[in-house]
Amino acid sequence: MNDVLLKFLDEEITSAVYGDLWRFITSDSIVRGTFECSNHIVMKISPCQFIIYPICVGMENTKCRDAVLVARTYFLKKINSKAYERRLPDIQNIFE
């Protein structure tokens, strides 16, 4: 698995963020947009594709940074895997 995705899952999947992030990813009303976490940005570029990249504070002229492109179902499975590992409450079903 990609380092950016692993770091995202370790740092961002908490009970405070899980519900809002899940709604952002699964929403049919949000076709494109961004979700800002503590250390990462999740960019929705289509209903089924997301780009995850770390926030780089103070680096306005950065031309290249680490990022990963993930598909919706894979992303939701990885989020739920980390949520189960951390025993978060109210874990959602992927296929609802």
# chains A, B, ... in the order shown; residues from 1 in each chain; ligands from 1
>>> select_by_dssp(residues="chain A", states="strand (DSSP E)", output="list in words")
Gly33, Thr34, Phe35, Glu36, His40, Ile41, Val42, Met43, Lys44, Ile45, Ser46, Gln49, Phe50, Ile51, Ile52, Tyr53, Pro54, Val68, Leu69, Val70 and Ala71 of chain A
>>> residues_around(residues="Ile52 in chain A", least_positions_apart="2", cutoff="6 Å", atoms="only C-alpha atoms", output="short mmCIF file (atom, residue, chain, number, x, y, z; two decimals) with C-alpha atoms, in the first residue's frame")
data_model
loop_
_atom_site.label_atom_id
_atom_site.label_comp_id
_atom_site.auth_asym_id
_atom_site.auth_seq_id
_atom_site.Cartn_x
_atom_site.Cartn_y
_atom_site.Cartn_z
CA ILE A 41 -6.43 16.89 2.09
CA VAL A 42 -8.85 14.49 0.42
CA ALA A 67 -0.05 12.15 -3.45
CA VAL A 68 -2.08 9.03 -4.11
#
>>> residues_around(residues="Glu11 in chain A", least_positions_apart="4", cutoff="10 Å", atoms="only C-alpha atoms", output="list in words")
Leu5, Leu6, Lys7, Cys37, Ser38, Asn39 and His40 of chain A
>>> write_last_selection(atoms="N, CA and C atoms", output="PDB file, in the first residue's frame")
ATOM      1  N   LEU A   5      -1.111   6.953   1.652  1.00  0.00           N
ATOM      2  CA  LEU A   5      -2.377   6.389   2.134  1.00  0.00           C
ATOM      3  C   LEU A   5      -2.207   5.801   3.533  1.00  0.00           C
ATOM      4  N   LEU A   6      -1.119   5.101   3.778  1.00  0.00           N
ATOM      5  CA  LEU A   6      -0.872   4.541   5.112  1.00  0.00           C
ATOM      6  C   LEU A   6      -0.782   5.638   6.176  1.00  0.00           C
ATOM      7  N   LYS A   7      -0.050   6.687   5.858  1.00  0.00           N
ATOM      8  CA  LYS A   7       0.092   7.799   6.798  1.00  0.00           C
ATOM      9  C   LYS A   7      -1.247   8.485   7.027  1.00  0.00           C
ATOM     10  N   CYS A  37      -8.456  17.479   6.517  1.00  0.00           N
ATOM     11  CA  CYS A  37      -8.230  16.811   7.799  1.00  0.00           C
ATOM     12  C   CYS A  37      -7.130  17.571   8.534  1.00  0.00           C
ATOM     13  N   SER A  38      -6.596  16.995   9.582  1.00  0.00           N
ATOM     14  CA  SER A  38      -5.534  17.661  10.345  1.00  0.00           C
ATOM     15  C   SER A  38      -4.257  17.844   9.545  1.00  0.00           C
ATOM     16  N   ASN A  39      -3.834  16.777   8.856  1.00  0.00           N
ATOM     17  CA  ASN A  39      -2.555  16.813   8.150  1.00  0.00           C
ATOM     18  C   ASN A  39      -2.649  16.479   6.666  1.00  0.00           C
ATOM     19  N   HIS A  40      -3.853  16.167   6.190  1.00  0.00           N
ATOM     20  CA  HIS A  40      -4.035  15.747   4.794  1.00  0.00           C
ATOM     21  C   HIS A  40      -5.275  16.391   4.185  1.00  0.00           C
TER      22      HIS A  40
END
>>> select_by_dssp(residues="range 14-82 of chain A", states="helix (DSSP H, G or I)", output="PyMOL selection string")
chain A and resi 15-26+72-82
>>> write_last_selection(atoms="N, CA and C atoms", output="tab-separated table (two decimals), in the first residue's frame")
chain	number	residue	atom	x	y	z
A	15	SER	N	-12.46	8.99	15.68
A	15	SER	CA	-13.91	9.10	15.88
A	15	SER	C	-14.41	10.51	15.55
A	16	ALA	N	-13.56	11.52	15.69
A	16	ALA	CA	-13.96	12.89	15.40
A	16	ALA	C	-14.14	13.15	13.90
A	17	VAL	N	-13.38	12.45	13.06
A	17	VAL	CA	-13.37	12.70	11.62
A	17	VAL	C	-14.16	11.65	10.83
A	18	TYR	N	-14.25	10.44	11.34
A	18	TYR	CA	-14.80	9.31	10.59
A	18	TYR	C	-16.15	9.60	9.94
A	19	GLY	N	-17.12	10.07	10.70
A	19	GLY	CA	-18.47	10.28	10.17
A	19	GLY	C	-18.52	11.32	9.06
A	20	ASP	N	-17.87	12.45	9.26
A	20	ASP	CA	-17.87	13.51	8.26
A	20	ASP	C	-17.14	13.08	6.99
A	21	LEU	N	-16.02	12.40	7.17
A	21	LEU	CA	-15.26	11.91	6.01
A	21	LEU	C	-16.09	10.89	5.24
A	22	TRP	N	-16.74	9.98	5.94
A	22	TRP	CA	-17.57	8.95	5.30
A	22	TRP	C	-18.68	9.61	4.47
A	23	ARG	N	-19.36	10.60	5.04
A	23	ARG	CA	-20.44	11.30	4.31
A	23	ARG	C	-19.91	12.02	3.08
A	24	PHE	N	-18.73	12.62	3.19
A	24	PHE	CA	-18.11	13.29	2.05
A	24	PHE	C	-17.83	12.30	0.93
A	25	ILE	N	-17.26	11.16	1.27
A	25	ILE	CA	-16.88	10.17	0.25
A	25	ILE	C	-18.11	9.56	-0.41
A	26	THR	N	-19.12	9.23	0.38
A	26	THR	CA	-20.28	8.50	-0.14
A	26	THR	C	-21.38	9.39	-0.69
A	72	ARG	N	-13.09	4.76	-4.89
A	72	ARG	CA	-14.04	4.90	-3.79
A	72	ARG	C	-14.16	3.64	-2.92
A	73	THR	N	-14.46	2.50	-3.53
A	73	THR	CA	-14.69	1.28	-2.75
A	73	THR	C	-13.43	0.86	-2.00
A	74	TYR	N	-12.28	0.92	-2.65
A	74	TYR	CA	-11.01	0.58	-2.00
A	74	TYR	C	-10.75	1.51	-0.82
A	75	PHE	N	-10.98	2.80	-1.02
A	75	PHE	CA	-10.78	3.81	0.01
A	75	PHE	C	-11.69	3.54	1.21
A	76	LEU	N	-12.95	3.26	0.96
A	76	LEU	CA	-13.90	2.98	2.04
A	76	LEU	C	-13.51	1.72	2.80
A	77	LYS	N	-13.04	0.70	2.10
A	77	LYS	CA	-12.60	-0.53	2.77
A	77	LYS	C	-11.40	-0.26	3.68
A	78	LYS	N	-10.46	0.53	3.21
A	78	LYS	CA	-9.28	0.86	4.02
A	78	LYS	C	-9.66	1.70	5.24
A	79	ILE	N	-10.57	2.65	5.05
A	79	ILE	CA	-11.04	3.47	6.17
A	79	ILE	C	-11.73	2.59	7.21
A	80	ASN	N	-12.60	1.70	6.77
A	80	ASN	CA	-13.30	0.83	7.71
A	80	ASN	C	-12.36	-0.14	8.40
A	81	SER	N	-11.36	-0.62	7.69
A	81	SER	CA	-10.38	-1.50	8.30
A	81	SER	C	-9.69	-0.81	9.47
A	82	LYS	N	-9.29	0.43	9.27
A	82	LYS	CA	-8.65	1.20	10.34
A	82	LYS	C	-9.66	1.52	11.45
>>> atom_distance(atom1="CA of Met43 in chain A", atom2="CA of Asn93 in chain A")
21.9 Å
